[in-house]
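Just below is one structure, and these are the notes that go with it.
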Amino acid sequence: MAKPLPSAEIDRVVVAAIPAWQGKPAEVLDRLDLSEPFATVSQWTLVVARDPDPSAMPGFTDPGALAVCLVKTLAVECSEKYGPTKTYPWTNTAYALRTAKVVHAGARENAPLLLLQTCSTSGMNGNCDIRTVLYAYSRAADRFHPVFVNDTRGSNNNQDARFVEHGPLRGDVIVNYPTDHAPYAYWIEVYARRGVGDYTRILRYRGHTGYGDGNVLAVADSEMPEILRRLGKWQLGDALPVPPQSPKGCGRLILRRGVEWCDFASR
């Protein structure tokens, strides 16, 4: 690979590629080198910039939409829209960056993927639509392409799309979202990638975790024993899966009607 280009030069071409508004240029917020972790043929950089355009939502004050840019050497390709225009354009536009990092689907820190999570505009209650994208790199084509895309309908009801970084499901993605009808619980979906293709769904069921049931564990963690059981990776009597981030004072883990809980009484 050629000598890496300076970050300032990469930022310059990104800003130049985003139209200014009333003389105000875009602002670079984050930058992530992709060349080393993916061993790319050309120099690749992820750059996230703040669009100078005003909000598309009348009466709504925000710092501007995000432009998510993949830069090959000095060739820039940016996107801020999630897909086809909806009735309200701000609901399918990225306004906040939640995560931008390289993750690994392989057990030996190999099979890298670019994980990107953005959020749409937030309402007064902080609710926003979350987009989760995983990009893979093709060395033969020298390009990045999405292999997993998920859009939530809001964020305040514990919706989530989690890339599993450790354990028997490493490299898979667990998606959960509320059911539309009582008794209110969560739909649980697991997506896996086999080979070099896109992620495909390998599991879907109506979970046992109730909405607002007081369980402090994330839905993916409370449902983990059942997820693993259905995939043939856990059975009753085995040690309960340990959440990647246990709540403070969790104590021991217990199973209650098929759902994992923290037993705070055992502290």
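How things are named: the first chain in the structure tokens is A, the next is B, and so on; residues count from 1 in each chain; ligands count from 1 in the order shown.
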- Message: According to DSSP computed on the backbone, where in range 127-232 of chain A is there alpha helix (DSSP H)? Give the residues as a list in words.
- Response: Val219, Ala220, Asp221, Ser222, Met224, Pro225, Glu226, Ile227, Leu228, Arg229 and Arg230 of chain A
Selection above as a file: N, CA and C atoms, as a compact mmCIF listing (two decimals), in the first residue's frame:
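Final output, again_28.txt:
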# COMPACT_ATOMS: atom_id res chain seq x y z
N VAL A 219 -32.60 -6.79 27.07
CA VAL A 219 -33.44 -7.87 26.56
C VAL A 219 -32.59 -9.01 26.00
N ALA A 220 -31.54 -8.69 25.26
CA ALA A 220 -30.68 -9.73 24.70
C ALA A 220 -30.06 -10.59 25.79
N ASP A 221 -29.77 -9.99 26.96
CA ASP A 221 -29.18 -10.74 28.06
C ASP A 221 -30.23 -11.56 28.80
N SER A 222 -31.41 -10.99 29.02
CA SER A 222 -32.46 -11.73 29.73
C SER A 222 -32.93 -12.93 28.91
N MET A 224 -30.96 -14.55 26.71
CA MET A 224 -29.82 -15.33 26.22
C MET A 224 -29.93 -16.83 26.48
N PRO A 225 -30.37 -17.28 27.67
CA PRO A 225 -30.51 -18.73 27.84
C PRO A 225 -31.45 -19.36 26.82
N GLU A 226 -32.57 -18.70 26.54
CA GLU A 226 -33.54 -19.25 25.59
C GLU A 226 -33.00 -19.18 24.17
N ILE A 227 -32.29 -18.10 23.83
CA ILE A 227 -31.68 -18.00 22.51
C ILE A 227 -30.70 -19.15 22.30
N LEU A 228 -29.81 -19.35 23.27
CA LEU A 228 -28.80 -20.40 23.15
C LEU A 228 -29.45 -21.79 23.15
N ARG A 229 -30.51 -21.97 23.95
CA ARG A 229 -31.19 -23.26 23.99
C ARG A 229 -31.79 -23.60 22.63
N ARG A 230 -32.44 -22.62 22.02
CA ARG A 230 -33.06 -22.85 20.72
C ARG A 230 -32.03 -23.11 19.63
- Task: Do a neighbour search on Ala16 in chain A at 9 Å with only C-alpha atoms, toss out local chain neighbours closer than 5 positions, and write the hits as a list in words.
- Result: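 So, after excluding close chain neighbours, the residues are Asp11, Pro25 and Ala26 of chain A.
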Residue selection dump (all heavy atoms) as a PDB file, in the first residue's frame:
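Listing of selection34.pdb after writing:
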ATOM      1  N   ASP A  11      -9.631  15.034   5.504  1.00  0.00           N
ATOM      2  CA  ASP A  11     -10.703  15.906   6.000  1.00  0.00           C
ATOM      3  C   ASP A  11     -11.051  16.978   4.964  1.00  0.00           C
ATOM      4  O   ASP A  11     -12.227  17.314   4.767  1.00  0.00           O
ATOM      5  CB  ASP A  11     -10.281  16.579   7.305  1.00  0.00           C
ATOM      6  CG  ASP A  11     -10.180  15.593   8.461  1.00  0.00           C
ATOM      7  OD1 ASP A  11     -10.562  14.415   8.275  1.00  0.00           O
ATOM      8  OD2 ASP A  11      -9.722  16.002   9.548  1.00  0.00           O
ATOM      9  N   PRO A  25     -19.014  25.683   6.153  1.00  0.00           N
ATOM     10  CA  PRO A  25     -18.643  24.347   5.663  1.00  0.00           C
ATOM     11  C   PRO A  25     -19.045  23.260   6.652  1.00  0.00           C
ATOM     12  O   PRO A  25     -19.402  23.533   7.804  1.00  0.00           O
ATOM     13  CB  PRO A  25     -17.122  24.448   5.543  1.00  0.00           C
ATOM     14  CG  PRO A  25     -16.743  25.395   6.647  1.00  0.00           C
ATOM     15  CD  PRO A  25     -17.861  26.410   6.731  1.00  0.00           C
ATOM     16  N   ALA A  26     -18.973  22.025   6.201  1.00  0.00           N
ATOM     17  CA  ALA A  26     -19.219  20.884   7.080  1.00  0.00           C
ATOM     18  C   ALA A  26     -18.109  20.789   8.135  1.00  0.00           C
ATOM     19  O   ALA A  26     -17.000  21.315   7.948  1.00  0.00           O
ATOM     20  CB  ALA A  26     -19.284  19.600   6.262  1.00  0.00           C
TER      21      ALA A  26
END
- Query: Leaving out range 212-214 of chain A and any residue of its chain fewer than 5 positions from it, which residues lie within 12 Å of it when counting only C-alpha atoms, given as a PyMOL selection string?
  - Reply: chain A and resi 156-158+178+183-186+219+222+259+261-262
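Closest approach to Tyr205 in chain A among A:Gln235, A:Asn176, A:Asn127, A:Ser138: A:Asn176, based on only C-alpha atoms.
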- Item | A:Thr209, A:Trp234, A:Pro244, A:Ala182 ranked by distance to Glu260 in chain A, top pick (using only C-alpha atoms) |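 The shortest atom-to-atom distance to Glu260 in chain A comes from A:Thr209.
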- Task: Per DSSP on the backbone, filter range 40-221 of chain A down to the residues in strand (DSSP E or B) and report them as an MDAnalysis selection string.
- Result: chainID A and resid 44:50 66:72 75:79 81 93 96:104 112:119 130:138 143:151 160:163 173:178 186:192 200:206
- Message: Taking 3 positions as the minimum chain separation for residues in the same chain, which residues sit within 12 Å of Leu5 in chain A when counting only C-alpha atoms? Answer as number ranges by chain.
- Response: A: 1-2, 8-13, 33, 35, 42-45, 71-74
- Task: Determine, counting only C-alpha atoms, which protein, DNA and RNA residues have an atom within 8 Å of an atom of range 191-204 of chain A; residues of the same chain fewer than 6 positions away are not included. Present the result as a list in words.
- Result: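 My list of contacting residues is Pro146, Val147, Phe148, Gly171, Asp172, Val173, Ile174, Val175 and Leu231 of chain A.
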- Task: For Pro52 in chain A, list every protein, DNA or RNA residue within 9 Å, evaluated using only C-alpha atoms, and leave out those in the same chain fewer than 3 positions away; present the list as an MDAnalysis selection string.
- Result: chainID A and resid 18:22 24:27 63:65
- Please measure the separation of CA of Leu46 in chain A and CA of Leu34 in chain A, giving the value in Å to one decimal.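 Rounded to one decimal, the two atoms are 6.9 Å apart.
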